[in-house]
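Enquirer: For reference, the file entry.csv (CSV, C-alpha atoms) is included below:
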```csv
chain,number,residue,atom,x,y,z
A,285,MET,CA,0.6,-36.8,-32.6
A,286,ARG,CA,2.3,-37.0,-36.0
A,287,TRP,CA,5.6,-35.9,-34.6
A,288,MET,CA,5.3,-38.4,-31.7
A,289,SER,CA,4.6,-41.2,-34.1
A,290,LEU,CA,7.7,-40.2,-36.1
A,291,LEU,CA,9.8,-40.1,-33.0
A,292,VAL,CA,8.7,-43.5,-31.7
A,293,ARG,CA,9.3,-45.0,-35.2
A,294,GLN,CA,12.8,-43.4,-35.3
A,295,ILE,CA,13.7,-44.8,-31.9
A,296,ARG,CA,12.5,-48.3,-33.0
A,297,TYR,CA,14.7,-48.0,-36.1
A,298,GLU,CA,17.7,-46.9,-34.1
A,299,GLN,CA,17.2,-49.8,-31.7
A,300,LYS,CA,17.2,-52.2,-34.6
A,301,PHE,CA,20.3,-50.6,-36.1
A,302,TYR,CA,22.0,-50.8,-32.7
A,303,TRP,CA,21.3,-54.5,-32.0
A,304,ARG,CA,22.2,-55.4,-35.5
A,305,SER,CA,25.7,-54.0,-35.1
A,306,PRO,CA,27.4,-56.6,-32.9
A,307,SER,CA,30.6,-54.7,-32.3
A,308,SER,CA,28.8,-51.7,-31.1
A,309,ALA,CA,26.4,-53.6,-28.9
A,310,MET,CA,29.2,-55.8,-27.6
A,311,PHE,CA,31.3,-52.9,-26.4
A,312,THR,CA,28.7,-50.5,-25.0
A,313,PHE,CA,26.3,-53.1,-23.6
A,314,ALA,CA,28.3,-56.2,-22.7
A,315,PHE,CA,31.5,-54.4,-21.5
A,316,PRO,CA,30.0,-52.8,-18.4
A,317,LEU,CA,28.4,-56.1,-17.4
A,318,LEU,CA,31.8,-57.9,-18.0
A,319,LEU,CA,33.5,-55.4,-15.7
A,320,LEU,CA,30.8,-55.9,-13.1
A,321,VAL,CA,31.3,-59.6,-13.1
A,322,ILE,CA,35.1,-59.5,-13.0
A,323,PHE,CA,35.7,-56.9,-10.4
A,324,ALA,CA,32.7,-57.7,-8.2
A,325,THR,CA,33.7,-61.4,-8.1
A,326,LEU,CA,37.4,-60.7,-7.5
A,327,ASN,CA,36.5,-58.3,-4.6
A,328,ARG,CA,33.6,-60.3,-3.1
A,329,GLY,CA,33.8,-60.0,0.7
A,330,GLN,CA,36.3,-57.0,0.6
A,331,THR,CA,35.5,-53.8,2.4
A,332,VAL,CA,36.5,-50.2,1.7
A,333,ALA,CA,38.1,-48.6,4.8
A,334,ALA,CA,37.9,-45.1,3.3
A,335,LEU,CA,34.1,-45.4,3.2
A,336,GLY,CA,33.5,-46.5,6.7
A,337,GLY,CA,34.1,-50.2,6.0
A,338,ILE,CA,31.2,-50.8,3.6
A,339,SER,CA,31.6,-53.7,1.2
A,340,TYR,CA,33.5,-53.1,-2.0
A,341,ASN,CA,30.6,-54.2,-4.1
A,342,GLN,CA,28.2,-51.8,-2.3
A,343,PHE,CA,30.4,-49.1,-3.6
A,344,TYR,CA,31.3,-50.6,-7.0
A,345,VAL,CA,27.9,-51.5,-8.3
A,346,PRO,CA,26.6,-47.9,-8.3
A,347,GLY,CA,29.8,-46.9,-10.1
A,348,ILE,CA,29.1,-49.5,-12.8
A,349,VAL,CA,25.5,-48.2,-13.0
A,350,ALA,CA,27.0,-44.7,-13.7
A,351,PHE,CA,29.5,-46.2,-16.2
A,352,SER,CA,26.7,-48.0,-18.0
A,353,VAL,CA,24.8,-44.7,-18.7
A,354,ILE,CA,28.1,-43.0,-19.8
A,355,SER,CA,28.8,-45.9,-22.1
A,356,ALA,CA,25.4,-45.8,-23.8
A,357,CYS,CA,24.9,-42.0,-23.8
A,358,TYR,CA,28.4,-40.7,-24.5
A,359,THR,CA,30.5,-43.5,-26.0
A,360,ASN,CA,27.9,-45.1,-28.2
A,361,LEU,CA,26.3,-41.8,-29.4
A,362,ALA,CA,29.6,-40.1,-30.3
A,363,ILE,CA,31.2,-43.1,-32.1
A,364,SER,CA,28.0,-44.1,-34.0
A,365,LEU,CA,27.3,-40.5,-35.2
A,366,CYS,CA,30.9,-40.1,-36.4
A,367,PHE,CA,30.8,-43.3,-38.5
A,368,ARG,CA,27.4,-42.4,-40.0
A,369,ARG,CA,28.6,-38.9,-40.8
A,370,ASP,CA,31.8,-40.1,-42.6
A,371,ALA,CA,29.7,-42.7,-44.5
A,372,GLY,CA,27.5,-39.9,-45.8
A,373,VAL,CA,24.4,-41.2,-44.0
A,374,LEU,CA,23.9,-38.0,-42.0
A,375,LYS,CA,24.1,-35.9,-45.2
A,376,ARG,CA,21.5,-38.1,-46.9
A,377,ILE,CA,19.2,-38.0,-43.9
A,378,ARG,CA,19.4,-34.2,-43.9
A,379,GLY,CA,18.1,-34.2,-47.4
A,380,THR,CA,15.0,-36.3,-46.6
A,381,PRO,CA,11.6,-35.1,-45.2
A,382,LEU,CA,12.6,-36.4,-41.8
A,383,PRO,CA,13.1,-33.4,-39.5
A,384,PRO,CA,16.7,-33.3,-38.2
A,385,TRP,CA,15.5,-33.0,-34.6
A,386,VAL,CA,13.5,-36.2,-34.9
A,387,PHE,CA,16.6,-38.0,-36.1
A,388,MET,CA,18.7,-36.7,-33.2
A,389,ALA,CA,15.9,-37.4,-30.7
A,390,GLY,CA,15.7,-40.9,-32.1
A,391,ASN,CA,19.4,-41.5,-31.5
A,392,ILE,CA,19.2,-40.0,-28.0
A,393,GLY,CA,16.0,-42.0,-27.2
A,394,SER,CA,17.7,-45.2,-28.4
A,395,SER,CA,20.7,-44.5,-26.1
A,396,LEU,CA,18.3,-43.9,-23.2
A,397,VAL,CA,16.7,-47.3,-23.9
A,398,VAL,CA,20.1,-49.0,-23.8
A,399,SER,CA,20.9,-47.1,-20.6
A,400,LEU,CA,17.7,-48.3,-18.9
A,401,LEU,CA,18.4,-51.9,-19.8
A,402,LEU,CA,22.0,-51.6,-18.5
A,403,VAL,CA,20.9,-50.0,-15.3
A,404,ALA,CA,18.3,-52.7,-14.7
A,405,ALA,CA,20.8,-55.5,-15.5
A,406,THR,CA,23.7,-54.2,-13.4
A,407,THR,CA,21.5,-53.3,-10.4
A,408,THR,CA,19.7,-56.6,-10.5
A,409,ALA,CA,23.0,-58.5,-10.7
A,410,GLY,CA,24.4,-56.5,-7.8
A,411,VAL,CA,21.4,-57.2,-5.6
A,412,LEU,CA,21.0,-60.9,-6.5
A,413,PHE,CA,24.6,-62.1,-6.7
A,414,TYR,CA,26.8,-59.6,-4.8
A,415,ASN,CA,24.7,-58.7,-1.7
A,416,VAL,CA,24.3,-55.1,-2.7
A,417,THR,CA,21.4,-53.3,-0.9
A,418,PHE,CA,19.3,-50.6,-2.3
A,419,PRO,CA,17.7,-48.4,0.4
A,420,GLY,CA,14.7,-47.5,-1.8
A,421,ARG,CA,15.8,-43.9,-2.7
A,422,TRP,CA,14.0,-44.0,-6.0
A,423,ILE,CA,13.7,-40.3,-6.4
A,424,ALA,CA,17.5,-39.7,-5.9
A,425,LEU,CA,18.3,-42.5,-8.3
A,426,ILE,CA,15.9,-41.4,-11.0
A,427,LEU,CA,17.1,-37.8,-10.7
A,428,ALA,CA,20.8,-38.8,-11.0
A,429,LEU,CA,20.1,-41.0,-14.0
A,430,VAL,CA,18.0,-38.4,-15.8
A,431,VAL,CA,20.5,-35.6,-15.3
A,432,GLY,CA,23.4,-37.9,-16.0
A,433,ALA,CA,21.9,-39.1,-19.3
A,434,PHE,CA,21.2,-35.5,-20.4
A,435,CYS,CA,24.8,-34.5,-19.5
A,436,PHE,CA,26.5,-37.3,-21.3
A,437,CYS,CA,24.3,-37.3,-24.3
A,438,ALA,CA,25.1,-33.7,-24.8
A,439,LEU,CA,28.8,-34.4,-24.3
A,440,GLY,CA,28.6,-37.2,-26.8
A,441,LEU,CA,27.1,-34.8,-29.4
A,442,ALA,CA,29.7,-32.1,-28.6
A,443,MET,CA,32.5,-34.6,-29.0
A,444,THR,CA,31.6,-35.3,-32.6
A,445,ALA,CA,32.6,-31.7,-33.4
A,446,VAL,CA,36.2,-32.3,-32.4
A,447,ILE,CA,36.7,-35.8,-33.9
A,448,PRO,CA,38.2,-35.4,-37.4
A,449,THR,CA,37.4,-38.9,-38.8
A,450,ALA,CA,35.3,-41.8,-37.9
A,451,THR,CA,38.3,-44.2,-37.6
A,452,ALA,CA,39.7,-41.9,-34.9
A,453,SER,CA,36.5,-41.8,-32.9
A,454,PRO,CA,37.0,-44.9,-30.7
A,455,ALA,CA,40.5,-43.9,-29.8
A,456,ILE,CA,39.6,-40.3,-29.0
A,457,VAL,CA,36.3,-41.0,-27.2
A,458,ASN,CA,37.7,-43.8,-25.0
A,459,GLY,CA,41.1,-42.1,-24.7
A,460,VAL,CA,39.4,-39.1,-23.1
A,461,LEU,CA,37.0,-41.1,-21.0
A,462,PHE,CA,38.9,-43.9,-19.3
A,463,PRO,CA,41.6,-41.8,-17.5
A,464,ILE,CA,38.7,-39.7,-16.2
A,465,LEU,CA,36.8,-42.8,-15.1
A,466,PHE,CA,39.8,-43.9,-13.0
A,467,ILE,CA,40.5,-40.6,-11.4
A,468,SER,CA,36.8,-40.1,-10.7
A,469,GLY,CA,36.6,-43.2,-8.5
A,470,ILE,CA,34.3,-45.3,-10.7
A,471,PHE,CA,36.3,-48.5,-10.1
A,472,TYR,CA,37.9,-47.7,-6.7
A,473,PRO,CA,37.5,-44.7,-4.2
A,474,VAL,CA,39.8,-41.7,-4.9
A,475,GLN,CA,40.3,-39.3,-2.0
A,476,ALA,CA,38.7,-36.0,-2.7
A,477,THR,CA,41.7,-34.2,-1.1
A,478,SER,CA,44.3,-35.8,-3.4
A,479,THR,CA,45.5,-34.1,-6.5
A,480,LEU,CA,43.6,-36.4,-8.8
A,481,GLY,CA,40.6,-36.1,-6.6
A,482,ARG,CA,40.6,-32.3,-6.8
A,483,LEU,CA,41.0,-32.6,-10.6
A,484,ALA,CA,38.1,-35.0,-10.8
A,485,THR,CA,35.8,-32.7,-9.0
A,486,LEU,CA,35.9,-30.3,-11.9
A,487,LEU,CA,34.6,-33.0,-14.2
A,488,PRO,CA,31.1,-34.5,-14.5
A,489,VAL,CA,32.0,-38.2,-14.2
A,490,ARG,CA,32.9,-37.7,-10.5
A,491,HIS,CA,29.6,-36.0,-9.7
A,492,PHE,CA,27.6,-38.6,-11.6
A,493,GLU,CA,29.2,-41.3,-9.6
A,494,GLN,CA,28.6,-39.5,-6.3
A,495,ALA,CA,24.9,-38.9,-7.2
A,496,VAL,CA,24.3,-42.5,-8.0
A,497,PHE,CA,26.3,-43.8,-5.0
A,498,ALA,CA,24.3,-41.5,-2.7
A,499,ALA,CA,21.1,-43.4,-3.7
A,500,PHE,CA,22.7,-46.7,-2.8
A,501,ASP,CA,24.8,-45.6,0.3
A,502,PRO,CA,23.4,-47.4,3.4
A,503,ARG,CA,25.1,-45.0,5.7
A,504,LEU,CA,23.1,-42.0,4.6
A,505,GLY,CA,19.7,-40.8,5.9
A,506,GLY,CA,17.2,-38.7,4.1
A,507,THR,CA,16.5,-38.6,0.4
A,508,GLY,CA,20.0,-39.2,-0.9
A,509,ILE,CA,19.7,-36.4,-3.4
A,510,GLU,CA,23.0,-34.6,-4.2
A,511,PRO,CA,22.0,-31.1,-5.4
A,512,ARG,CA,25.6,-30.0,-6.0
A,513,ALA,CA,26.4,-33.0,-8.1
A,514,LEU,CA,23.2,-32.6,-10.2
A,515,LEU,CA,23.9,-28.9,-10.7
A,516,VAL,CA,27.5,-29.5,-11.9
A,517,MET,CA,26.2,-32.1,-14.4
A,518,LEU,CA,23.5,-29.7,-15.6
A,519,VAL,CA,26.1,-27.0,-16.2
A,520,TRP,CA,28.3,-29.4,-18.1
A,521,GLY,CA,25.4,-30.7,-20.1
A,522,ALA,CA,24.1,-27.2,-21.0
A,523,ALA,CA,27.6,-26.1,-22.1
A,524,ALA,CA,28.1,-29.2,-24.2
A,525,LEU,CA,24.7,-28.8,-25.8
A,526,ALA,CA,25.6,-25.3,-26.8
A,527,VAL,CA,28.8,-26.5,-28.4
A,528,ALA,CA,26.9,-29.3,-30.2
A,529,VAL,CA,24.2,-26.9,-31.6
A,530,LYS,CA,26.9,-24.6,-32.9
A,531,ARG,CA,29.5,-27.1,-34.2
A,532,PHE,CA,27.8,-30.3,-35.1
A,533,ARG,CA,28.5,-31.3,-38.7
A,534,TRP,CA,26.2,-33.3,-41.0
A,535,GLU,CA,28.8,-33.8,-43.6
A,536,PRO,CA,32.3,-35.4,-43.6
A,537,ARG,CA,35.2,-33.1,-43.1
A,538,GLN,CA,36.9,-32.2,-46.4
A,539,ALA,CA,40.4,-33.6,-46.9
```
Show this structure as structure tokens.
Expert:
Amino acid sequence: MRWMSLLVRQIRYEQKFYWRSPSSAMFTFAFPLLLLVIFATLNRGQTVAALGGISYNQFYVPGIVAFSVISACYTNLAISLCFRRDAGVLKRIRGTPLPPWVFMAGNIGSSLVVSLLLVAATTTAGVLFYNVTFPGRWIALILALVVGAFCFCALGLAMTAVIPTATASPAIVNGVLFPILFISGIFYPVQATSTLGRLATLLPVRHFEQAVFAAFDPRLGGTGIEPRALLVMLVWGAAALAVAVKRFRWEPRQA
């Protein structure tokens, strides 16, 4: 119970820290919502021939749901830890009685809270304002979100090991992420048989998008669970976690 109390308190602290950093909250929280409003409004009434003529927003909203989780769990986690590392905060925390795992779990828990808020906001906006339907595949959606959150939190932690300085972290994190988002079909369908589509199938973003979309796809029957997509994300997450455990640094890199 003592460890649970510490963990809950750390998550609460990290949430306060997050919302009191306007630039961080603006980019990781408001940016996915801004993209949703812009693209969903511009493409209202459009259909996607490659997906059997379903509405563009029926395809796009699940993609933004996936992007929201990636934004909170990968982008926010990697950038914030790099800045706190280079400011000497992580080194000081390591020297306190607070167990390191509680600190890390608090950061991850805070990212999960932001993810849940974004998922709820984007899904609600899609259903209320853009005629998106959700067939009620809750198990498929929850599985996709849980496995995706694990995968991208692990990738965010692993990414800190290759970022040399905090000032370089936004450019490196987003420079790696956004090309992958586009070739993975987050914003518009990419044919799996194309060169970019084949490349995207090797990466976890494509599989996360497919797992979330399957939960929303009105053409599908059954549970909507995508076992292959979940397995690929679990493999990526496990590999990233192994890298993070071995290479994560609590102190700034020496010049």
Enquirer: Give me the residues near Leu320 in chain A as a ChimeraX atom specification, where near means some atom within 8 Å (using all atoms listed in the file) and where sequence neighbours in that chain fewer than 5 positions away do not count.
Expert: /A:325,345,348,406
Enquirer: What is the distance, in Å and to one decimal place, between CA of Thr312 in chain A and CA of Val416 in chain A?
Expert: 23.2 Å
Enquirer: Take the point (23.4, -25.9, -18.3) in the file's coordinates, draw a sphere of radius 12 Å around it, and report as a list in words every protein, DNA or RNA residue with an atom inside or on it, counting only C-alpha atoms.
Expert: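 The residues that fall inside the cut-off are Val431, Phe434, Cys435, Ala438, Leu439, Leu514, Leu515, Val516, Met517, Leu518, Val519, Trp520, Gly521, Ala522, Ala523, Ala524, Leu525, Ala526 and Val527 of chain A.
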Enquirer: How many Å lie between CA of Thr485 in chain A and CA of Arg512 in chain A, rounded to one decimal?
Expert: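 Between CA of Thr485 in chain A and CA of Arg512 in chain A the gap is 11.0 Å.
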Enquirer: For CA of Ile295 in chain A and CA of Gly393 in chain A, quote the distance in Å rounded to one decimal.
Expert: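 CA of Gly393 in chain A lies 5.9 Å from CA of Ile295 in chain A.
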Enquirer: Residues within 9 Å of Ala362 in chain A, please, as a list in words. Count all atoms listed in the file; anything in the same chain fewer than 5 positions from it doesn't count.
Expert: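 Answer for this query is Cys357, Phe367, Cys437, Leu439, Gly440, Leu441, Ala442, Met443, Thr444, Ser453, Pro454 and Val457 of chain A.
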Enquirer: Tell me, as a PyMOL selection string, which residues lie within 12 Å of Val373 in chain A, counting all atoms listed in the file; anything in the same chain fewer than 4 positions away does not count.
Expert: chain A and resi 364-369+377-380+387+533-536
Enquirer: Please return, as a PyMOL selection string, all polymer residues that have at least one atom within 12 Å of the point (20.4, -42.4, -18.6); use only C-alpha atoms and the file's own coordinate frame.
Expert: chain A and resi 349-358+392-404+425-438+492+496
Enquirer: Give me, as a VMD selection string, all polymer residues having an atom no more than 12 Å from Gly505 in chain A, counting all atoms listed in the file and skipping those fewer than 4 positions away in the same chain.
Expert: chain A and resid 419 to 421 498 to 501 509
Enquirer: Using all atoms listed in the file, which residue out of A:Leu318, A:Ile456, A:Leu291, A:Met310 lies closest to Ala405 in chain A?
Expert: A:Leu318
Enquirer: May I ask which of the residues A:Asn327, A:Ser339, A:Gln294, A:Thr507 is the closest one to Ile423 in chain A, counting only C-alpha atoms?
Expert: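 Closest residue, counting only C-alpha atoms: A:Thr507.
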Enquirer: For Ile322 in chain A, which residue among A:Leu483, A:Tyr414, A:Tyr297, A:Asn391 is the nearest when counting all atoms listed in the file?
Expert: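 Ranked by minimum distance to Ile322 in chain A, first place goes to A:Tyr414.
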Enquirer: Please rebuild range 434-458 of chain A with N, CA, C and O atoms and return the result as a short mmCIF file (atom, residue, chain, number, x, y, z; two decimals), keeping the file's coordinate frame.
Expert:
```cif
data_model
loop_
_atom_site.label_atom_id
_atom_site.label_comp_id
_atom_site.auth_asym_id
_atom_site.auth_seq_id
_atom_site.Cartn_x
_atom_site.Cartn_y
_atom_site.Cartn_z
N PHE A 434 21.21 -36.75 -19.63
CA PHE A 434 21.20 -35.50 -20.40
C PHE A 434 22.65 -34.97 -20.54
O PHE A 434 23.06 -34.59 -21.65
N CYS A 435 23.42 -34.98 -19.46
CA CYS A 435 24.80 -34.50 -19.50
C CYS A 435 25.65 -35.22 -20.50
O CYS A 435 26.32 -34.63 -21.36
N PHE A 436 25.61 -36.55 -20.45
CA PHE A 436 26.50 -37.30 -21.30
C PHE A 436 26.04 -37.50 -22.71
O PHE A 436 26.85 -37.70 -23.61
N CYS A 437 24.73 -37.41 -22.95
CA CYS A 437 24.30 -37.30 -24.30
C CYS A 437 24.75 -36.03 -24.98
O CYS A 437 25.21 -36.03 -26.13
N ALA A 438 24.65 -34.93 -24.24
CA ALA A 438 25.10 -33.70 -24.80
C ALA A 438 26.62 -33.68 -25.01
O ALA A 438 27.11 -33.18 -26.03
N LEU A 439 27.38 -34.30 -24.09
CA LEU A 439 28.80 -34.40 -24.30
C LEU A 439 29.16 -35.29 -25.48
O LEU A 439 30.12 -35.02 -26.21
N GLY A 440 28.38 -36.35 -25.69
CA GLY A 440 28.60 -37.20 -26.80
C GLY A 440 28.39 -36.45 -28.16
O GLY A 440 29.18 -36.58 -29.10
N LEU A 441 27.32 -35.64 -28.21
CA LEU A 441 27.10 -34.80 -29.40
C LEU A 441 28.17 -33.80 -29.61
O LEU A 441 28.62 -33.58 -30.74
N ALA A 442 28.61 -33.16 -28.53
CA ALA A 442 29.70 -32.10 -28.60
C ALA A 442 30.99 -32.77 -29.07
O ALA A 442 31.75 -32.16 -29.82
N MET A 443 31.27 -33.99 -28.62
CA MET A 443 32.50 -34.60 -29.00
C MET A 443 32.66 -34.88 -30.45
O MET A 443 33.77 -34.85 -31.00
N THR A 444 31.53 -35.09 -31.15
CA THR A 444 31.60 -35.30 -32.60
C THR A 444 32.21 -34.13 -33.33
O THR A 444 32.77 -34.29 -34.42
N ALA A 445 32.09 -32.94 -32.74
CA ALA A 445 32.60 -31.70 -33.40
C ALA A 445 34.11 -31.68 -33.42
O ALA A 445 34.70 -30.98 -34.26
N VAL A 446 34.77 -32.39 -32.50
CA VAL A 446 36.20 -32.30 -32.40
C VAL A 446 36.90 -33.58 -32.96
O VAL A 446 38.12 -33.66 -32.98
N ILE A 447 36.10 -34.57 -33.39
CA ILE A 447 36.70 -35.80 -33.90
C ILE A 447 36.79 -35.63 -35.44
O ILE A 447 35.79 -35.46 -36.14
N PRO A 448 38.02 -35.70 -35.98
CA PRO A 448 38.20 -35.40 -37.40
C PRO A 448 37.66 -36.49 -38.33
O PRO A 448 37.09 -36.19 -39.38
N THR A 449 37.86 -37.76 -37.98
CA THR A 449 37.40 -38.90 -38.80
C THR A 449 36.80 -39.95 -37.98
O THR A 449 37.09 -40.08 -36.79
N ALA A 450 35.96 -40.77 -38.61
CA ALA A 450 35.30 -41.80 -37.90
C ALA A 450 36.26 -42.86 -37.32
O ALA A 450 36.07 -43.38 -36.22
N THR A 451 37.30 -43.17 -38.09
CA THR A 451 38.30 -44.20 -37.60
C THR A 451 38.99 -43.75 -36.38
O THR A 451 39.45 -44.60 -35.61
N ALA A 452 39.08 -42.44 -36.16
CA ALA A 452 39.70 -41.90 -34.90
C ALA A 452 38.81 -41.87 -33.76
O ALA A 452 39.26 -41.68 -32.62
N SER A 453 37.50 -42.01 -33.99
CA SER A 453 36.50 -41.80 -32.90
C SER A 453 36.67 -42.74 -31.73
O SER A 453 36.62 -42.28 -30.58
N PRO A 454 36.84 -44.06 -31.93
CA PRO A 454 37.00 -44.90 -30.70
C PRO A 454 38.17 -44.56 -29.88
O PRO A 454 38.08 -44.54 -28.65
N ALA A 455 39.31 -44.26 -30.53
CA ALA A 455 40.50 -43.90 -29.80
C ALA A 455 40.34 -42.60 -29.01
O ALA A 455 40.71 -42.48 -27.84
N ILE A 456 39.75 -41.60 -29.67
CA ILE A 456 39.60 -40.30 -29.00
C ILE A 456 38.55 -40.37 -27.91
O ILE A 456 38.80 -39.90 -26.78
N VAL A 457 37.40 -40.96 -28.19
CA VAL A 457 36.30 -41.00 -27.20
C VAL A 457 36.76 -41.79 -25.96
O VAL A 457 36.61 -41.33 -24.82
N ASN A 458 37.32 -42.99 -26.17
CA ASN A 458 37.70 -43.80 -25.00
C ASN A 458 39.03 -43.30 -24.39
O ASN A 458 39.22 -43.43 -23.19
#
```
